[in-house]
Amino acid sequence: MDLPAGTRNYSYSEDATIFRTKTQKILLTLLVLVLLTAPLWFGNYWLSVANLIGITIISVTGLNLLTGYCGQLSIGHAGFMAVGAYTSAFLTQQFGMPFPVALISAGLLAGAVGMIFGIPSLRVKGFYLAISTIAAQFIIIWVIQHWTPVTGGFSGLDVEPASILGFVFKSQMSKFYLILVITAAAIFAAKNIARSRVGRAFVAIRDNDLAAEVMGINLFRYKLTAFFIGCFYAGIAGSLIAHTGATISDAHFPFMDSVLFIGMIIIGGAGTTIGPIFGVLFIRLLDVLVTKLSPALQSAFPHLPPGFTSGIAPLLFGLAIILFLIFEPRGMAHRWQLFKSSYRLWPFSY
Amino acid sequence: MGELLQYVITGLAIGMVYSLIALCFVVVWKSSGVANLALGQLVFVSSWFAYEMLYQRGLPEWLGLILVIVFALILGWLIERIVLRPLIAQPILSLITVTLGLGYFLQGLAGIIWSQSLVPFQLFSEQPIHIGNAIIKQQELWAALISLLLFGLLSLYFRYNKMGVAMRATADDQKAVQACGIPVTRIFSRSWMFSCVLAAVAGVLISSIAGSVGNSLIPTGLQAFSVVILGGLDSFLGAIIAGPIIGLAEIVGSGYLTSLTWPGIREVVPFIIIILVMFVKPYGLFGEERIERI
């Protein structure tokens with residue numbers, strides 16, 4: 001952990017603190033205040049955007065643990081989210097389970113399914129694993145489309161809103177607080193997983209799996225752990241999608257979302273805790289901008305081709321991924337790091 | 001009996017087109033080590049271009065198809081020059097992701113230019129042929145024939161042409177090739193152009209079999225990865241042999257399995273095969289097993 005000029009650590013607990021200096025604590029308090037009062041000045045539209053961003057951050061944080069830290073590329077994360085969403089919807093609907101239990105079970109089942117598709121990771125890596133997770137995505141979605149008694153088939157399922165101890169999260173505002181708390185917990189947990197023995201083992205596997213194995217890291221166990229944790233996060237995110245929207249169907253979890261999640265990691269910065277947040281914000285806000293702006297552009301310039309509104313978003317996402325990989329492969333987190341260190345070293349920047 | 005014969009011929013024809021798509025992966029993977037996940041989108045874009053040339057512009061078939069090939073060559077050159085060249089020697093994760101981004105980009109571009117979701121596409125005569133009591137679409141026979149012709153041409157090229165030999169050498173050992181004075185970047189460029197032409201031909205053939213151009217071409221490109229995996233990533237022969245196997249499994253399997261399981265199993269058979277191959281023989285039938293040492 002880099003510290004500003006003049007600050008020293010004198011104990012292990014100081015060394016392990018995440019928010020160390022007074023400035024960081026003040027900024028954190030400000031951020032918390034802003035987030036807590038956000039519903040006051042966000043309209044309903046922006047609250048729904050914020051909710052989507054929160055849920056996506058949970059899922060992408062999980063994917064970042066799996067791909068960014070452990071180096072196991074997964075292009076099927078939307079599929080694992082679908083597993084979580086349907087588990088949770090099914091449990092609350094058929095068995096009347098309370099929402100928190102369904103939430104955790106959604107995570108656990110998604111994690112278990114992820115582990116099954118992660119088993120090939122012991123023998124293959126890189127491209128092979130990418131393909132097997134793509135296959136996972138398509139198989140999961142196909143099962144969801146056709147296993148009608150459980151998943152409702154193509155028409156999907158109606159889901160009750162989330163409720164804890166009798167309180168029903170019905171308004172956008174209450175959903176915002178629910179998602180905010182879970183997202184914060186998820187990010188905090190991810191930060192600590194990444195700093196723990198498990199997280200350091202992940203990084204070792206990513207950087208050189210053979211060397212990691214020689215050092216005594218059980219590859220099979222840790223790779224499966226990474227798949228479990230990554231997909232657990234996806235399951236939680238899926239469950240939240242189910243319980244904050246009124247219905248779910250297979251169309252909520254398209255393959256292109258899985259690709260977009262990878263893009264978010266790249267744009268944000270793989271292997272950092274802050275990266276997924278930046279990446280999700282970037283892509284989701286770009287999405288909002290495009291949906292707001294493109295009809296206006298379409299009417300202002302009638303010569304634009306008719307597919308402009310629907311095609312411009314994927315075009316820009318693809319372009320963003322390509323440009324970031326070419327010009328800033330370490331993502332926005334790296335820029336953020338540079339900014340912080342120039343600020344931290346001031347006025348002794350040499 | 002006629003039913004089975006019909007399934008077998010359809011399966012073989014579709015499988016050979018899969019082989020073509022798989023080959024456009026293998027060509028790039030062998031020479032430059034880039035895993036191209038944008039295959040579906042390449043097929044998609046070139047099919048739409050073919051539609052534009054033949055139907056919107058009303059060009060004669062021979063001229064339109066030549067223009068499609070030219071378009072594919074230019075597309076391949078542009079992709080290599082603009083997107084992949086700056087990323088030489090980057091980790092595999094970046095190389096995979098950049099092709100995903102490329103796929104997204106191409107899909108968006110095609111969506112802007114051709115906003116219809118499904119258009120009819122017909123290249124060969126619609127008149128079906130009767131063999132015994134099986135009814136075979138003519139397009140399937142044409143697809144099989146053209147694919148076989150291309151396989152032949154490609155293997156001749158790689159065996160006798162100087163550039164083809166250089167490409168095989170690059171696949172074998174990049175550094176040694178560079179030391180011999182062969183321009184490796186030009187070989188990368190060449191292999192991308194090849195790959196795009198194969199994708200374009202495959203796109204035209206598969207659209208003419210389906211009778212339409214539409215969004216389902218993108219999953220088709222992904223299904224072709226089962227051929228790549230089954231045949232082995234770095235084997236031309238593997239791709240050519242595995243294609244018909246996958247095609248047969250898909251058509252014959254779904255023909256008889258649909259009544260046992262859910263409908264639509266045809267789309268997931270290739271993915272189930274991928275998972276099975278991953279568990280049993282991850283490097284495929286003809287792929288080279290990588291043994292790593294420290």
# chains A, B, ... in the order shown; residues from 1 in each chain; ligands from 1
>>> residues_around(residues="range 190-198 of chain A", least_positions_apart="5", cutoff="9 Å", atoms="only C-alpha atoms", output="number ranges by chain")
A: 61-62, 65, 69, 185, 203, 222, 225-226, 271-274
>>> write_last_selection(atoms="N, CA and C atoms", output="JSON list (two decimals), in the first residue's frame")
[["chain", "number", "residue", "atom", "x", "y", "z"],
["A", 61, "THR", "N", -17.57, -8.03, -10.37],
["A", 61, "THR", "CA", -16.58, -8.23, -9.32],
["A", 61, "THR", "C", -16.25, -9.72, -9.18],
["A", 62, "GLY", "N", -17.29, -10.55, -9.24],
["A", 62, "GLY", "CA", -17.05, -11.99, -9.19],
["A", 62, "GLY", "C", -16.22, -12.45, -10.36],
["A", 65, "LEU", "N", -12.62, -11.65, -9.92],
["A", 65, "LEU", "CA", -11.88, -12.59, -9.08],
["A", 65, "LEU", "C", -11.46, -13.80, -9.90],
["A", 69, "TYR", "N", -8.04, -11.98, -11.33],
["A", 69, "TYR", "CA", -7.07, -12.44, -10.35],
["A", 69, "TYR", "C", -6.55, -13.83, -10.67],
["A", 185, "ALA", "N", -21.13, -4.80, 0.37],
["A", 185, "ALA", "CA", -20.62, -6.00, 1.04],
["A", 185, "ALA", "C", -19.82, -6.85, 0.06],
["A", 203, "VAL", "N", -3.49, -15.07, -7.72],
["A", 203, "VAL", "CA", -2.55, -14.27, -8.52],
["A", 203, "VAL", "C", -1.37, -15.11, -8.96],
["A", 222, "TYR", "N", -7.69, -24.57, -6.01],
["A", 222, "TYR", "CA", -7.81, -23.11, -6.08],
["A", 222, "TYR", "C", -8.54, -22.66, -7.34],
["A", 225, "THR", "N", -12.05, -23.20, -6.57],
["A", 225, "THR", "CA", -12.48, -22.16, -5.63],
["A", 225, "THR", "C", -12.76, -20.87, -6.37],
["A", 226, "ALA", "N", -11.87, -20.54, -7.31],
["A", 226, "ALA", "CA", -12.07, -19.31, -8.07],
["A", 226, "ALA", "C", -13.38, -19.39, -8.84],
["A", 271, "GLY", "N", -7.80, -7.43, -12.40],
["A", 271, "GLY", "CA", -6.95, -7.70, -11.25],
["A", 271, "GLY", "C", -6.85, -6.55, -10.28],
["A", 272, "THR", "N", -7.83, -5.66, -10.25],
["A", 272, "THR", "CA", -7.89, -4.63, -9.22],
["A", 272, "THR", "C", -9.32, -4.61, -8.69],
["A", 273, "THR", "N", -9.46, -4.18, -7.43],
["A", 273, "THR", "CA", -10.82, -4.17, -6.88],
["A", 273, "THR", "C", -11.63, -3.04, -7.47],
["A", 274, "ILE", "N", -10.97, -1.93, -7.74],
["A", 274, "ILE", "CA", -11.70, -0.76, -8.21],
["A", 274, "ILE", "C", -12.06, -0.89, -9.68]]
>>> residues_around(residues="range 182-194 of chain B", least_positions_apart="2", cutoff="7 Å", atoms="only C-alpha atoms", output="ChimeraX atom specification")
/B:27-28,31-32,72-73,76-77,80,167,177-178,180,196-198
>>> write_last_selection(atoms="C-alpha atoms", output="JSON list (two decimals), in the first residue's frame")
[["chain", "number", "residue", "atom", "x", "y", "z"],
["B", 27, "VAL", "CA", -5.26, -20.55, -40.18],
["B", 28, "VAL", "CA", -4.98, -17.56, -37.85],
["B", 31, "SER", "CA", 0.34, -18.59, -37.81],
["B", 32, "SER", "CA", -0.12, -15.89, -35.19],
["B", 72, "ALA", "CA", -13.26, -10.21, -47.34],
["B", 73, "LEU", "CA", -9.63, -9.64, -48.36],
["B", 76, "GLY", "CA", -8.96, -9.24, -43.20],
["B", 77, "TRP", "CA", -6.15, -6.87, -44.05],
["B", 80, "GLU", "CA", -4.84, -7.42, -38.88],
["B", 167, "MET", "CA", 3.05, -19.78, -43.39],
["B", 177, "VAL", "CA", 11.29, -17.90, -39.47],
["B", 178, "GLN", "CA", 12.08, -14.33, -38.56],
["B", 180, "CYS", "CA", 15.53, -16.57, -41.94],
["B", 196, "CYS", "CA", -11.81, -13.77, -43.85],
["B", 197, "VAL", "CA", -12.17, -15.21, -47.35],
["B", 198, "LEU", "CA", -12.95, -18.62, -45.88]]
>>> select_by_dssp(residues="range 174-252 of chain A", states="alpha helix (DSSP H)", output="VMD selection string")
chain A and resid 174 to 195 197 to 207 209 to 214 219 to 244
>>> atom_distance(atom1="CA of Glu140 in chain B", atom2="CA of Gly15 in chain B")
10.3 Å
>>> atom_distance(atom1="CA of Phe282 in chain A", atom2="CA of Gly79 in chain A")
22.5 Å
>>> interface_residues(of="chain B", to="chain A", cutoff="7 Å", atoms="only C-alpha atoms", output="PDB file with C-alpha atoms, in the first residue's frame")
ATOM      1  CA  ALA B  35      -7.735 -17.081 -30.876  1.00  0.00           C
ATOM      2  CA  PRO B  86      -0.478  -3.322 -32.086  1.00  0.00           C
ATOM      3  CA  LEU B  87      -1.159  -6.307 -29.841  1.00  0.00           C
ATOM      4  CA  ILE B  92      -3.571 -14.594 -24.610  1.00  0.00           C
ATOM      5  CA  LEU B  93      -6.269 -13.005 -22.460  1.00  0.00           C
ATOM      6  CA  SER B  94      -5.918  -9.697 -24.339  1.00  0.00           C
ATOM      7  CA  VAL B  98      -9.820  -8.057 -28.516  1.00  0.00           C
ATOM      8  CA  LEU B 100     -14.571 -10.382 -28.741  1.00  0.00           C
ATOM      9  CA  GLY B 101     -14.566  -6.599 -28.971  1.00  0.00           C
ATOM     10  CA  LEU B 102     -14.042  -6.874 -32.709  1.00  0.00           C
ATOM     11  CA  TYR B 104     -19.170  -6.720 -31.042  1.00  0.00           C
ATOM     12  CA  PHE B 105     -17.987  -3.923 -33.328  1.00  0.00           C
ATOM     13  CA  LEU B 106     -18.709  -5.828 -36.532  1.00  0.00           C
ATOM     14  CA  GLN B 107     -22.119  -6.845 -35.289  1.00  0.00           C
ATOM     15  CA  GLY B 108     -22.988  -3.249 -34.479  1.00  0.00           C
ATOM     16  CA  LEU B 109     -21.698  -2.083 -37.840  1.00  0.00           C
ATOM     17  CA  GLY B 111     -26.750  -3.718 -37.589  1.00  0.00           C
ATOM     18  CA  ILE B 112     -26.384  -0.090 -38.607  1.00  0.00           C
ATOM     19  CA  ILE B 113     -25.985  -0.761 -42.300  1.00  0.00           C
ATOM     20  CA  TRP B 114     -28.445  -3.649 -42.679  1.00  0.00           C
ATOM     21  CA  SER B 115     -31.173  -3.094 -40.167  1.00  0.00           C
ATOM     22  CA  TRP B 262     -36.743 -31.006 -25.863  1.00  0.00           C
ATOM     23  CA  VAL B 268     -26.857 -27.209 -28.391  1.00  0.00           C
ATOM     24  CA  PHE B 271     -21.860 -27.248 -27.329  1.00  0.00           C
ATOM     25  CA  ILE B 274     -17.448 -29.297 -26.723  1.00  0.00           C
ATOM     26  CA  ILE B 275     -17.981 -30.085 -23.049  1.00  0.00           C
ATOM     27  CA  MET B 278     -13.061 -31.031 -22.862  1.00  0.00           C
ATOM     28  CA  PHE B 279     -13.567 -33.741 -20.266  1.00  0.00           C
ATOM     29  CA  PRO B 282      -9.148 -31.728 -24.368  1.00  0.00           C
ATOM     30  CA  ILE B 294       9.505 -24.692 -16.202  1.00  0.00           C
TER      31      ILE B 294
END
>>> select_by_dssp(residues="range 96-289 of chain A", states="strand (DSSP E or B)", output="PyMOL selection string")
chain A and resi 157-158+163-164+167-168+247-248
>>> write_last_selection(atoms="C-alpha atoms", output="PDB file, in the first residue's frame")
ATOM      1  CA  LEU A 157     -41.375 -16.560 -14.527  1.00  0.00           C
ATOM      2  CA  ASP A 158     -43.131 -13.933 -12.493  1.00  0.00           C
ATOM      3  CA  SER A 163     -38.718  -8.949   1.225  1.00  0.00           C
ATOM      4  CA  ILE A 164     -36.830  -9.215   4.497  1.00  0.00           C
ATOM      5  CA  PHE A 167     -40.533  -5.482   4.707  1.00  0.00           C
ATOM      6  CA  VAL A 168     -41.184  -5.598   0.972  1.00  0.00           C
ATOM      7  CA  THR A 247     -40.303 -11.075 -14.295  1.00  0.00           C
ATOM      8  CA  ILE A 248     -37.336 -12.986 -15.632  1.00  0.00           C
TER       9      ILE A 248
END
>>> closest_residue(among="A:Ala296, A:Glu160, A:Leu35, A:Arg206", to="Pro91 in chain B", atoms="only C-alpha atoms")
A:Arg206
>>> atom_distance(atom1="CA of Pro263 in chain B", atom2="CA of Asp250 in chain A")
15.9 Å
>>> residues_around(residues="Lys30 in chain B", least_positions_apart="2", cutoff="9 Å", atoms="only C-alpha atoms", output="list in words")
Phe25, Val26, Val27, Val28, Ser32, Gly33, Val34, Met167, Arg168, Thr170, Ala171, Asp172, Leu233, Asp234 and Ser235 of chain B
>>> residues_around(residues="Gly253 in chain B", least_positions_apart="2", cutoff="12 Å", atoms="only C-alpha atoms", output="list in words")
Leu4, Tyr7, Val8, Gly11, Ile245, Ile246, Gly247, Leu248, Ala249, Glu250, Ile251, Gly255, Tyr256, Leu257, Thr258, Ser259, Leu260, Thr261, Pro263, Gly264, Ile265, Arg266, Glu267, Val268, Val269, Pro270, Ile272 and Ile273 of chain B
>>> residues_around(residues="Ile217 in chain A", least_positions_apart="4", cutoff="7 Å", atoms="only C-alpha atoms", output="ChimeraX atom specification")
/A:201,212-213
>>> decode(residues="range 269-291 of chain B", atoms="C-alpha atoms", output="PDB file, in the first residue's frame")
ATOM      1  CA  VAL B 269     -25.488 -30.519 -29.713  1.00  0.00           C
ATOM      2  CA  PRO B 270     -22.203 -28.834 -30.754  1.00  0.00           C
ATOM      3  CA  PHE B 271     -21.860 -27.248 -27.329  1.00  0.00           C
ATOM      4  CA  ILE B 272     -22.510 -30.544 -25.556  1.00  0.00           C
ATOM      5  CA  ILE B 273     -19.831 -32.079 -27.770  1.00  0.00           C
ATOM      6  CA  ILE B 274     -17.448 -29.297 -26.723  1.00  0.00           C
ATOM      7  CA  ILE B 275     -17.981 -30.085 -23.049  1.00  0.00           C
ATOM      8  CA  LEU B 276     -17.582 -33.835 -23.636  1.00  0.00           C
ATOM      9  CA  VAL B 277     -14.355 -33.337 -25.609  1.00  0.00           C
ATOM     10  CA  MET B 278     -13.061 -31.031 -22.862  1.00  0.00           C
ATOM     11  CA  PHE B 279     -13.567 -33.741 -20.266  1.00  0.00           C
ATOM     12  CA  VAL B 280     -12.300 -36.674 -22.293  1.00  0.00           C
ATOM     13  CA  LYS B 281      -9.638 -35.472 -24.737  1.00  0.00           C
ATOM     14  CA  PRO B 282      -9.148 -31.728 -24.368  1.00  0.00           C
ATOM     15  CA  TYR B 283      -6.604 -31.377 -27.157  1.00  0.00           C
ATOM     16  CA  GLY B 284      -8.917 -32.892 -29.730  1.00  0.00           C
ATOM     17  CA  LEU B 285      -8.424 -35.696 -32.212  1.00  0.00           C
ATOM     18  CA  PHE B 286      -5.406 -34.306 -34.022  1.00  0.00           C
ATOM     19  CA  GLY B 287      -4.290 -31.444 -31.814  1.00  0.00           C
ATOM     20  CA  GLU B 288      -0.802 -31.307 -30.471  1.00  0.00           C
ATOM     21  CA  GLU B 289      -0.715 -31.888 -26.744  1.00  0.00           C
ATOM     22  CA  ARG B 290       1.195 -29.130 -25.018  1.00  0.00           C
ATOM     23  CA  ILE B 291       3.633 -30.365 -22.441  1.00  0.00           C
TER      24      ILE B 291
END
